[in-house]
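Chemist: Submitted below is the structure of interest, expressed as structure tokens.
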2 protein chains.
Amino acid sequence: MNNKNSFMLRAIELSIKSVDSNGGPFGCVIVKNKKIIAEGNNQVTSLNDPTAHAEIVAIREACNSINNFNLKGSEMYTSCEPCPMCLSAIYWAHIDKIYFGNTRVDAANIGFDDNHIYKELKKQLSLRAIPMQQINKNEAIKAFEKWELKSDKKEY
Amino acid sequence: MNNKNSFMLRAIELSIKSVDSNGGPFGCVIVKNKKIIAEGNNQVTSLNDPTAHAEIVAIREACNSINNFNLKGSEMYTSCEPCPMCLSAIYWAHIDKIYFGNTRVDAANIGFDDNHIYKELKKQLSLRAIPMQQINKNEAIKAFEKWELKSDKKEY
């Protein structure tokens, strides 16, 4: 068994344990320099946190462990194809590669809405299930103007 | 000035303060029963957490304040159109409506990658900038089978 599979089997082990500990059936590890630097499992209902998907939990832990918001040079092993929230977080975190086990269709088959959200994101704002309305744009832009003028800003 | 605009002006105030406190220029409030139940601002670089966007911070605080992972009956006021991570989190949290100030194009104009990630999410897996590879699917499905058989599972 190569490293790749052993890392994934650890993510799968976490997904199975998660069911036992009243989380959703999802697990994840993040690997850097051939070592696991963070692990996560779904804790949405146990923490009352809809953002506590396995991948988000692992990303937050990985960033904490290396004291950096950028995970360049890391790979993610997740027991299921990431939902759009987690996939976007992976982009923001600059992870290099994603290995996944189950697909979004497998997730939909057991009642998880990932595929529905992927479809919503593709729609124009006016056609989405959750209505979106722009207001106060003249006031909102002021923060962006202030950001542009800031000389010591920390970009990411 | 109606409530809607006053809630948005508070989100904008948070976005401006965020620049002063070394966060990104984004602020957000969540409103339930005409009262603000949570506030957030971008804390990616101050917390070393790439998921700490204003909306995610506010969602986590709102869920904590009402002790529930479901924010049905709430509305979000965010100083900028949510990025796909935050928009997906809004779907997972079942927020009723989104008011926003700046657009994703405004965000791209000052160097924030939201629009790029929206484009990536629409692509087939094999065409994405971050490579994705399925492995160990026969093992991964076991957690989903276990979830299906669990009689006391807490769905969300």
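We name chains A, B, ... following the order of the structure tokens; residues begin at 1 in each chain, and ligands are numbered from 1 as shown.
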Using every C-alpha atom paired in order, could you least-squares fit chain B onto chain A and give me the moved chain as a compact mmCIF listing (two decimals) with N, CA and C atoms, in the first residue's frame?

Modeler:
```txt
# COMPACT_ATOMS: atom_id res chain seq x y z
N MET B 1 0.84 -1.21 -0.04
CA MET B 1 0.00 0.00 -0.02
C MET B 1 0.89 1.25 -0.02
N ASN B 2 0.63 2.18 -0.95
CA ASN B 2 1.45 3.39 -0.95
C ASN B 2 0.89 4.43 0.02
N ASN B 3 1.65 5.51 0.21
CA ASN B 3 1.26 6.58 1.14
C ASN B 3 -0.12 7.14 0.82
N LYS B 4 -0.35 7.35 -0.48
CA LYS B 4 -1.60 7.96 -0.93
C LYS B 4 -2.79 7.20 -0.37
N ASN B 5 -2.75 5.87 -0.52
CA ASN B 5 -3.88 5.08 -0.04
C ASN B 5 -3.93 5.04 1.49
N SER B 6 -2.79 5.07 2.14
CA SER B 6 -2.84 5.01 3.60
C SER B 6 -3.41 6.32 4.16
N PHE B 7 -3.09 7.45 3.54
CA PHE B 7 -3.68 8.72 3.99
C PHE B 7 -5.20 8.69 3.78
N MET B 8 -5.63 8.18 2.63
CA MET B 8 -7.07 8.12 2.38
C MET B 8 -7.76 7.16 3.34
N LEU B 9 -7.11 6.05 3.63
CA LEU B 9 -7.75 5.11 4.56
C LEU B 9 -7.90 5.73 5.95
N ARG B 10 -6.99 6.61 6.32
CA ARG B 10 -7.15 7.33 7.60
C ARG B 10 -8.36 8.28 7.53
N ALA B 11 -8.50 8.99 6.40
CA ALA B 11 -9.67 9.88 6.23
C ALA B 11 -10.96 9.06 6.32
N ILE B 12 -10.95 7.88 5.71
CA ILE B 12 -12.14 7.03 5.73
C ILE B 12 -12.41 6.52 7.15
N GLU B 13 -11.34 6.16 7.85
CA GLU B 13 -11.49 5.72 9.25
C GLU B 13 -12.18 6.83 10.07
N LEU B 14 -11.75 8.08 9.85
CA LEU B 14 -12.37 9.21 10.56
C LEU B 14 -13.84 9.37 10.19
N SER B 15 -14.17 9.09 8.92
CA SER B 15 -15.56 9.23 8.47
C SER B 15 -16.45 8.19 9.14
N ILE B 16 -15.91 6.99 9.34
CA ILE B 16 -16.68 5.92 9.98
C ILE B 16 -16.83 6.20 11.49
N LYS B 17 -15.73 6.63 12.11
CA LYS B 17 -15.80 6.99 13.54
C LYS B 17 -16.78 8.14 13.76
N SER B 18 -16.86 9.05 12.77
CA SER B 18 -17.73 10.22 12.89
C SER B 18 -19.19 9.80 13.04
N VAL B 19 -19.59 8.76 12.32
CA VAL B 19 -20.97 8.27 12.44
C VAL B 19 -21.22 7.79 13.88
N ASP B 20 -20.22 7.11 14.44
CA ASP B 20 -20.35 6.61 15.83
C ASP B 20 -20.45 7.75 16.84
N SER B 21 -19.79 8.88 16.52
CA SER B 21 -19.76 9.99 17.49
C SER B 21 -20.80 11.05 17.13
N ASN B 22 -21.82 10.65 16.37
CA ASN B 22 -22.94 11.54 16.03
C ASN B 22 -22.60 12.70 15.12
N GLY B 23 -21.54 12.53 14.30
CA GLY B 23 -21.27 13.49 13.23
C GLY B 23 -21.80 12.94 11.92
N GLY B 24 -21.75 13.76 10.86
CA GLY B 24 -22.04 13.24 9.53
C GLY B 24 -20.91 12.31 9.09
N PRO B 25 -21.15 11.46 8.07
CA PRO B 25 -20.20 10.41 7.68
C PRO B 25 -19.07 10.91 6.78
N PHE B 26 -18.31 11.85 7.29
CA PHE B 26 -17.26 12.48 6.48
C PHE B 26 -15.99 12.67 7.31
N GLY B 27 -14.84 12.33 6.71
CA GLY B 27 -13.55 12.51 7.37
C GLY B 27 -12.52 13.06 6.40
N CYS B 28 -11.46 13.64 6.92
CA CYS B 28 -10.49 14.34 6.08
C CYS B 28 -9.14 14.43 6.78
N VAL B 29 -8.05 14.31 6.01
CA VAL B 29 -6.73 14.63 6.56
C VAL B 29 -6.01 15.55 5.58
N ILE B 30 -5.12 16.37 6.11
CA ILE B 30 -4.28 17.24 5.27
C ILE B 30 -2.83 16.84 5.49
N VAL B 31 -2.11 16.67 4.38
CA VAL B 31 -0.76 16.13 4.40
C VAL B 31 0.23 17.16 3.85
N LYS B 32 1.32 17.36 4.55
CA LYS B 32 2.41 18.22 4.05
C LYS B 32 3.73 17.51 4.31
N ASN B 33 4.61 17.52 3.34
CA ASN B 33 5.88 16.79 3.47
C ASN B 33 5.68 15.35 3.94
N LYS B 34 4.71 14.70 3.34
CA LYS B 34 4.42 13.27 3.61
C LYS B 34 3.98 12.98 5.05
N LYS B 35 3.57 14.02 5.75
CA LYS B 35 3.06 13.81 7.12
C LYS B 35 1.68 14.44 7.29
N ILE B 36 0.82 13.77 8.05
CA ILE B 36 -0.50 14.35 8.34
C ILE B 36 -0.32 15.52 9.30
N ILE B 37 -0.76 16.72 8.88
CA ILE B 37 -0.64 17.89 9.76
C ILE B 37 -1.99 18.28 10.39
N ALA B 38 -3.08 17.68 9.89
CA ALA B 38 -4.39 17.99 10.48
C ALA B 38 -5.40 16.92 10.08
N GLU B 39 -6.36 16.70 10.98
CA GLU B 39 -7.44 15.76 10.71
C GLU B 39 -8.77 16.45 11.04
N GLY B 40 -9.83 15.99 10.40
CA GLY B 40 -11.14 16.55 10.72
C GLY B 40 -12.24 15.55 10.45
N ASN B 41 -13.34 15.71 11.16
CA ASN B 41 -14.55 14.97 10.79
C ASN B 41 -15.73 15.91 10.91
N ASN B 42 -16.83 15.52 10.32
CA ASN B 42 -18.02 16.38 10.31
C ASN B 42 -18.58 16.55 11.71
N GLN B 43 -18.73 17.81 12.14
CA GLN B 43 -19.21 18.11 13.50
C GLN B 43 -20.36 19.11 13.50
N VAL B 44 -21.12 19.12 12.38
CA VAL B 44 -22.20 20.11 12.24
C VAL B 44 -23.19 20.03 13.39
N THR B 45 -23.70 18.83 13.65
CA THR B 45 -24.77 18.73 14.66
C THR B 45 -24.20 18.70 16.08
N SER B 46 -22.98 18.17 16.24
CA SER B 46 -22.43 18.11 17.61
C SER B 46 -21.97 19.48 18.09
N LEU B 47 -21.52 20.34 17.16
CA LEU B 47 -21.07 21.69 17.54
C LEU B 47 -22.12 22.77 17.24
N ASN B 48 -23.25 22.39 16.65
CA ASN B 48 -24.22 23.39 16.16
C ASN B 48 -23.53 24.41 15.25
N ASP B 49 -22.75 23.89 14.30
CA ASP B 49 -22.00 24.77 13.39
C ASP B 49 -22.12 24.21 11.97
N PRO B 50 -22.97 24.86 11.14
CA PRO B 50 -23.19 24.34 9.78
C PRO B 50 -21.94 24.40 8.90
N THR B 51 -20.91 25.12 9.35
CA THR B 51 -19.67 25.20 8.58
C THR B 51 -18.66 24.13 9.01
N ALA B 52 -18.99 23.34 10.03
CA ALA B 52 -18.02 22.38 10.57
C ALA B 52 -18.01 21.07 9.78
N HIS B 53 -17.83 21.19 8.48
CA HIS B 53 -17.59 20.01 7.64
C HIS B 53 -16.17 19.51 7.90
N ALA B 54 -15.93 18.24 7.59
CA ALA B 54 -14.62 17.63 7.85
C ALA B 54 -13.48 18.46 7.24
N GLU B 55 -13.67 18.94 6.01
CA GLU B 55 -12.59 19.66 5.32
C GLU B 55 -12.31 21.02 5.97
N ILE B 56 -13.38 21.72 6.37
CA ILE B 56 -13.21 23.03 7.01
C ILE B 56 -12.51 22.86 8.36
N VAL B 57 -12.96 21.84 9.12
CA VAL B 57 -12.33 21.55 10.42
C VAL B 57 -10.84 21.28 10.21
N ALA B 58 -10.50 20.47 9.20
CA ALA B 58 -9.10 20.12 8.94
C ALA B 58 -8.29 21.32 8.45
N ILE B 59 -8.88 22.15 7.60
CA ILE B 59 -8.17 23.35 7.10
C ILE B 59 -7.84 24.29 8.27
N ARG B 60 -8.82 24.50 9.13
CA ARG B 60 -8.58 25.41 10.27
C ARG B 60 -7.49 24.85 11.17
N GLU B 61 -7.51 23.52 11.38
CA GLU B 61 -6.49 22.91 12.24
C GLU B 61 -5.11 22.96 11.57
N ALA B 62 -5.08 22.73 10.27
CA ALA B 62 -3.79 22.75 9.54
C ALA B 62 -3.17 24.14 9.58
N CYS B 63 -3.99 25.16 9.35
CA CYS B 63 -3.48 26.54 9.39
C CYS B 63 -2.98 26.89 10.78
N ASN B 64 -3.71 26.42 11.76
CA ASN B 64 -3.30 26.65 13.14
C ASN B 64 -1.96 25.95 13.42
N SER B 65 -1.82 24.74 12.90
CA SER B 65 -0.61 23.96 13.22
C SER B 65 0.63 24.54 12.54
N ILE B 66 0.49 25.14 11.36
CA ILE B 66 1.66 25.74 10.71
C ILE B 66 1.68 27.27 10.86
N ASN B 67 0.67 27.80 11.57
CA ASN B 67 0.63 29.24 11.85
C ASN B 67 0.64 30.09 10.57
N ASN B 68 -0.16 29.66 9.61
CA ASN B 68 -0.21 30.37 8.32
C ASN B 68 -1.58 30.14 7.69
N PHE B 69 -2.13 31.16 7.04
CA PHE B 69 -3.42 31.00 6.38
C PHE B 69 -3.29 30.41 4.98
N ASN B 70 -2.05 30.12 4.56
CA ASN B 70 -1.80 29.59 3.21
C ASN B 70 -1.23 28.18 3.32
N LEU B 71 -1.94 27.20 2.75
CA LEU B 71 -1.53 25.79 2.86
C LEU B 71 -0.84 25.28 1.58
N LYS B 72 -0.25 26.18 0.83
CA LYS B 72 0.51 25.78 -0.36
C LYS B 72 1.49 24.67 0.01
N GLY B 73 1.59 23.68 -0.87
CA GLY B 73 2.49 22.55 -0.57
C GLY B 73 1.79 21.42 0.17
N SER B 74 0.48 21.58 0.43
CA SER B 74 -0.27 20.54 1.14
C SER B 74 -1.23 19.83 0.19
N GLU B 75 -1.58 18.60 0.55
CA GLU B 75 -2.60 17.86 -0.18
C GLU B 75 -3.70 17.44 0.78
N MET B 76 -4.94 17.41 0.25
CA MET B 76 -6.07 16.99 1.08
C MET B 76 -6.56 15.61 0.67
N TYR B 77 -6.82 14.77 1.65
CA TYR B 77 -7.46 13.47 1.44
C TYR B 77 -8.79 13.52 2.15
N THR B 78 -9.88 13.48 1.38
CA THR B 78 -11.19 13.59 1.99
C THR B 78 -12.07 12.41 1.58
N SER B 79 -12.84 11.87 2.52
CA SER B 79 -13.60 10.65 2.25
C SER B 79 -14.70 10.88 1.22
N CYS B 80 -15.02 12.14 0.94
CA CYS B 80 -16.06 12.45 -0.07
C CYS B 80 -15.66 13.70 -0.85
N GLU B 81 -16.02 13.73 -2.11
CA GLU B 81 -15.82 14.94 -2.93
C GLU B 81 -16.31 16.16 -2.14
N PRO B 82 -15.50 17.20 -2.02
CA PRO B 82 -15.91 18.34 -1.20
C PRO B 82 -17.17 19.02 -1.72
N CYS B 83 -18.00 19.51 -0.81
CA CYS B 83 -19.15 20.33 -1.19
C CYS B 83 -18.60 21.68 -1.67
N PRO B 84 -19.42 22.52 -2.29
CA PRO B 84 -18.89 23.80 -2.82
C PRO B 84 -18.33 24.72 -1.73
N MET B 85 -18.88 24.65 -0.51
CA MET B 85 -18.30 25.44 0.58
C MET B 85 -16.86 25.00 0.83
N CYS B 86 -16.67 23.70 0.95
CA CYS B 86 -15.33 23.18 1.27
C CYS B 86 -14.39 23.32 0.07
N LEU B 87 -14.90 23.10 -1.13
CA LEU B 87 -14.04 23.25 -2.30
C LEU B 87 -13.55 24.69 -2.41
N SER B 88 -14.43 25.63 -2.16
CA SER B 88 -14.02 27.05 -2.20
C SER B 88 -12.99 27.33 -1.11
N ALA B 89 -13.20 26.76 0.07
CA ALA B 89 -12.23 26.95 1.16
C ALA B 89 -10.86 26.40 0.77
N ILE B 90 -10.86 25.29 0.03
CA ILE B 90 -9.61 24.68 -0.44
C ILE B 90 -8.89 25.64 -1.39
N TYR B 91 -9.67 26.31 -2.26
CA TYR B 91 -9.06 27.33 -3.14
C TYR B 91 -8.50 28.49 -2.33
N TRP B 92 -9.27 28.98 -1.37
CA TRP B 92 -8.79 30.09 -0.54
C TRP B 92 -7.53 29.69 0.23
N ALA B 93 -7.44 28.39 0.60
CA ALA B 93 -6.29 27.92 1.39
C ALA B 93 -5.10 27.54 0.50
N HIS B 94 -5.32 27.51 -0.82
CA HIS B 94 -4.23 27.21 -1.78
C HIS B 94 -3.63 25.82 -1.58
N ILE B 95 -4.50 24.86 -1.31
CA ILE B 95 -4.07 23.46 -1.24
C ILE B 95 -3.73 22.98 -2.66
N ASP B 96 -2.69 22.12 -2.79
CA ASP B 96 -2.20 21.74 -4.12
C ASP B 96 -3.04 20.70 -4.85
N LYS B 97 -3.56 19.72 -4.10
CA LYS B 97 -4.26 18.62 -4.76
C LYS B 97 -5.27 18.00 -3.82
N ILE B 98 -6.35 17.47 -4.40
CA ILE B 98 -7.44 16.86 -3.62
C ILE B 98 -7.61 15.40 -4.03
N TYR B 99 -7.51 14.49 -3.08
CA TYR B 99 -7.92 13.10 -3.29
C TYR B 99 -9.25 12.90 -2.58
N PHE B 100 -10.20 12.25 -3.26
CA PHE B 100 -11.50 12.03 -2.61
C PHE B 100 -11.96 10.59 -2.84
N GLY B 101 -12.87 10.12 -1.95
CA GLY B 101 -13.37 8.74 -2.03
C GLY B 101 -14.76 8.71 -2.69
N ASN B 102 -15.79 9.05 -1.93
CA ASN B 102 -17.15 9.10 -2.48
C ASN B 102 -17.34 10.34 -3.34
N THR B 103 -18.36 10.32 -4.19
CA THR B 103 -18.66 11.48 -5.05
C THR B 103 -19.85 12.26 -4.50
N ARG B 104 -20.08 13.44 -5.08
CA ARG B 104 -21.24 14.25 -4.67
C ARG B 104 -22.56 13.51 -4.94
N VAL B 105 -22.56 12.64 -5.93
CA VAL B 105 -23.77 11.86 -6.23
C VAL B 105 -24.01 10.83 -5.13
N ASP B 106 -22.92 10.19 -4.68
CA ASP B 106 -23.03 9.27 -3.53
C ASP B 106 -23.61 10.02 -2.33
N ALA B 107 -23.13 11.27 -2.11
CA ALA B 107 -23.59 12.07 -0.96
C ALA B 107 -25.08 12.40 -1.11
N ALA B 108 -25.49 12.78 -2.32
CA ALA B 108 -26.91 13.10 -2.57
C ALA B 108 -27.78 11.87 -2.30
N ASN B 109 -27.25 10.68 -2.65
CA ASN B 109 -28.02 9.45 -2.46
C ASN B 109 -28.34 9.14 -1.00
N ILE B 110 -27.52 9.68 -0.07
CA ILE B 110 -27.84 9.45 1.35
C ILE B 110 -28.35 10.75 2.00
N GLY B 111 -28.79 11.70 1.18
CA GLY B 111 -29.54 12.84 1.72
C GLY B 111 -28.74 14.11 1.95
N PHE B 112 -27.48 14.18 1.47
CA PHE B 112 -26.71 15.42 1.65
C PHE B 112 -26.77 16.25 0.36
N ASP B 113 -26.95 17.54 0.58
CA ASP B 113 -27.43 18.48 -0.44
C ASP B 113 -26.36 19.06 -1.36
N ASP B 114 -25.15 18.55 -1.32
CA ASP B 114 -24.04 19.15 -2.05
C ASP B 114 -24.40 19.48 -3.50
N ASN B 115 -24.99 18.49 -4.17
CA ASN B 115 -25.25 18.63 -5.59
C ASN B 115 -26.24 19.76 -5.86
N HIS B 116 -27.23 19.89 -5.00
CA HIS B 116 -28.20 20.99 -5.09
C HIS B 116 -27.50 22.34 -5.00
N ILE B 117 -26.55 22.45 -4.07
CA ILE B 117 -25.86 23.74 -3.89
C ILE B 117 -24.96 24.02 -5.10
N TYR B 118 -24.29 22.99 -5.62
CA TYR B 118 -23.50 23.18 -6.86
C TYR B 118 -24.37 23.78 -7.96
N LYS B 119 -25.59 23.26 -8.08
CA LYS B 119 -26.50 23.77 -9.13
C LYS B 119 -26.91 25.21 -8.86
N GLU B 120 -27.20 25.53 -7.60
CA GLU B 120 -27.61 26.90 -7.24
C GLU B 120 -26.52 27.92 -7.58
N LEU B 121 -25.27 27.57 -7.29
CA LEU B 121 -24.16 28.50 -7.50
C LEU B 121 -23.99 28.88 -8.97
N LYS B 122 -24.38 27.97 -9.84
CA LYS B 122 -24.24 28.25 -11.28
C LYS B 122 -25.28 29.25 -11.79
N LYS B 123 -26.36 29.41 -11.02
CA LYS B 123 -27.47 30.25 -11.49
C LYS B 123 -27.17 31.73 -11.35
N GLN B 124 -27.84 32.52 -12.19
CA GLN B 124 -27.86 33.97 -11.97
C GLN B 124 -28.48 34.27 -10.60
N LEU B 125 -28.06 35.37 -10.01
CA LEU B 125 -28.54 35.73 -8.68
C LEU B 125 -30.08 35.73 -8.60
N SER B 126 -30.72 36.26 -9.63
CA SER B 126 -32.17 36.44 -9.58
C SER B 126 -32.93 35.11 -9.68
N LEU B 127 -32.24 34.03 -10.05
CA LEU B 127 -32.91 32.74 -10.23
C LEU B 127 -32.67 31.77 -9.07
N ARG B 128 -31.95 32.23 -8.05
CA ARG B 128 -31.58 31.32 -6.96
C ARG B 128 -32.72 31.08 -5.97
N ALA B 129 -32.66 29.95 -5.28
CA ALA B 129 -33.68 29.61 -4.28
C ALA B 129 -33.65 30.59 -3.11
N ILE B 130 -32.46 31.05 -2.72
CA ILE B 130 -32.37 32.08 -1.68
C ILE B 130 -32.27 33.44 -2.37
N PRO B 131 -33.27 34.32 -2.15
CA PRO B 131 -33.26 35.62 -2.84
C PRO B 131 -32.06 36.47 -2.42
N MET B 132 -31.52 37.23 -3.38
CA MET B 132 -30.38 38.11 -3.13
C MET B 132 -30.70 39.50 -3.66
N GLN B 133 -30.46 40.50 -2.83
CA GLN B 133 -30.80 41.87 -3.24
C GLN B 133 -29.66 42.83 -2.91
N GLN B 134 -29.26 43.63 -3.89
CA GLN B 134 -28.21 44.62 -3.64
C GLN B 134 -28.81 45.90 -3.10
N ILE B 135 -28.27 46.39 -1.99
CA ILE B 135 -28.68 47.69 -1.42
C ILE B 135 -27.43 48.45 -0.96
N ASN B 136 -27.58 49.76 -0.81
CA ASN B 136 -26.53 50.63 -0.25
C ASN B 136 -25.15 50.48 -0.91
N LYS B 137 -25.14 50.32 -2.23
CA LYS B 137 -23.84 50.08 -2.87
C LYS B 137 -22.92 51.31 -2.77
N ASN B 138 -23.51 52.50 -2.75
CA ASN B 138 -22.66 53.70 -2.66
C ASN B 138 -21.91 53.80 -1.33
N GLU B 139 -22.56 53.29 -0.27
CA GLU B 139 -21.90 53.29 1.03
C GLU B 139 -20.91 52.11 1.13
N ALA B 140 -21.31 50.96 0.57
CA ALA B 140 -20.50 49.74 0.72
C ALA B 140 -19.12 49.88 0.08
N ILE B 141 -19.05 50.62 -1.00
CA ILE B 141 -17.78 50.72 -1.74
C ILE B 141 -16.70 51.45 -0.92
N LYS B 142 -17.12 52.20 0.10
CA LYS B 142 -16.15 52.98 0.88
C LYS B 142 -15.08 52.11 1.56
N ALA B 143 -15.48 50.91 2.00
CA ALA B 143 -14.50 50.02 2.64
C ALA B 143 -13.46 49.55 1.61
N PHE B 144 -13.90 49.34 0.38
CA PHE B 144 -12.98 48.90 -0.67
C PHE B 144 -12.02 50.03 -1.04
N GLU B 145 -12.55 51.26 -1.06
CA GLU B 145 -11.68 52.41 -1.35
C GLU B 145 -10.63 52.57 -0.25
N LYS B 146 -11.07 52.38 0.98
CA LYS B 146 -10.14 52.49 2.11
C LYS B 146 -9.06 51.40 2.02
N TRP B 147 -9.46 50.19 1.65
CA TRP B 147 -8.53 49.06 1.47
C TRP B 147 -7.49 49.39 0.39
N GLU B 148 -7.96 49.93 -0.71
CA GLU B 148 -7.07 50.27 -1.82
C GLU B 148 -6.01 51.27 -1.38
N LEU B 149 -6.40 52.20 -0.53
CA LEU B 149 -5.48 53.28 -0.11
C LEU B 149 -4.54 52.84 1.02
N LYS B 150 -4.86 51.74 1.68
CA LYS B 150 -4.08 51.28 2.85
C LYS B 150 -2.70 50.81 2.36
N SER B 151 -1.65 51.37 2.95
CA SER B 151 -0.31 51.05 2.45
C SER B 151 0.25 49.76 3.05
N ASP B 152 -0.19 49.41 4.26
CA ASP B 152 0.40 48.24 4.94
C ASP B 152 -0.55 47.06 4.99
N LYS B 153 -1.41 46.93 3.95
CA LYS B 153 -2.40 45.86 4.03
C LYS B 153 -1.77 44.48 3.81
N LYS B 154 -2.35 43.49 4.49
CA LYS B 154 -1.86 42.11 4.39
C LYS B 154 -2.79 41.36 3.43
N GLU B 155 -2.33 41.12 2.22
CA GLU B 155 -3.19 40.47 1.22
C GLU B 155 -3.13 38.95 1.37
N TYR B 156 -4.15 38.28 0.80
CA TYR B 156 -4.15 36.82 0.86
C TYR B 156 -4.72 36.22 -0.43
```

Chemist: From the DSSP assignment of the backbone, select every residue of stretch 14-51 of chain A that is strand (DSSP E), and format the answer as a PyMOL selection string.

Modeler: chain A and resi 27-32+35-41

Chemist: Store the residues picked out above in a file with N, CA, C and O atoms, as a tab-separated table (two decimals), in the first residue's frame.

Modeler:
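As a result, selection-v7.tsv now contains:
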```tsv
chain	number	residue	atom	x	y	z
A	27	GLY	N	-14.83	12.34	6.70
A	27	GLY	CA	-13.55	12.52	7.37
A	27	GLY	C	-12.51	13.07	6.40
A	27	GLY	O	-12.67	12.93	5.18
A	28	CYS	N	-11.46	13.65	6.93
A	28	CYS	CA	-10.49	14.35	6.09
A	28	CYS	C	-9.14	14.44	6.78
A	28	CYS	O	-9.09	14.62	8.00
A	29	VAL	N	-8.06	14.30	6.02
A	29	VAL	CA	-6.74	14.64	6.55
A	29	VAL	C	-6.01	15.56	5.57
A	29	VAL	O	-6.27	15.54	4.37
A	30	ILE	N	-5.12	16.38	6.10
A	30	ILE	CA	-4.28	17.24	5.27
A	30	ILE	C	-2.82	16.84	5.49
A	30	ILE	O	-2.39	16.64	6.63
A	31	VAL	N	-2.11	16.69	4.37
A	31	VAL	CA	-0.75	16.14	4.39
A	31	VAL	C	0.22	17.17	3.83
A	31	VAL	O	-0.04	17.79	2.80
A	32	LYS	N	1.32	17.36	4.55
A	32	LYS	CA	2.40	18.22	4.05
A	32	LYS	C	3.72	17.51	4.31
A	32	LYS	O	3.90	16.95	5.39
A	35	LYS	N	3.57	14.02	5.77
A	35	LYS	CA	3.07	13.82	7.13
A	35	LYS	C	1.70	14.44	7.29
A	35	LYS	O	1.43	15.53	6.74
A	36	ILE	N	0.82	13.78	8.04
A	36	ILE	CA	-0.50	14.35	8.34
A	36	ILE	C	-0.30	15.52	9.30
A	36	ILE	O	0.26	15.35	10.39
A	37	ILE	N	-0.76	16.71	8.88
A	37	ILE	CA	-0.64	17.89	9.77
A	37	ILE	C	-1.98	18.28	10.38
A	37	ILE	O	-2.03	19.11	11.29
A	38	ALA	N	-3.08	17.67	9.89
A	38	ALA	CA	-4.39	17.99	10.48
A	38	ALA	C	-5.40	16.92	10.08
A	38	ALA	O	-5.30	16.33	9.01
A	39	GLU	N	-6.36	16.70	10.98
A	39	GLU	CA	-7.45	15.77	10.71
A	39	GLU	C	-8.77	16.45	11.04
A	39	GLU	O	-8.81	17.36	11.88
A	40	GLY	N	-9.83	15.99	10.41
A	40	GLY	CA	-11.14	16.55	10.73
A	40	GLY	C	-12.24	15.55	10.45
A	40	GLY	O	-12.09	14.64	9.63
A	41	ASN	N	-13.34	15.71	11.16
A	41	ASN	CA	-14.55	14.97	10.79
A	41	ASN	C	-15.73	15.93	10.90
A	41	ASN	O	-15.61	17.01	11.48
```

Chemist: Considering only alpha helix (DSSP H) as DSSP defines it on the backbone, what residues of stretch 11-80 of chain A qualify? List them as a ChimeraX atom specification.

Modeler: /A:11-20,44-47,54-66
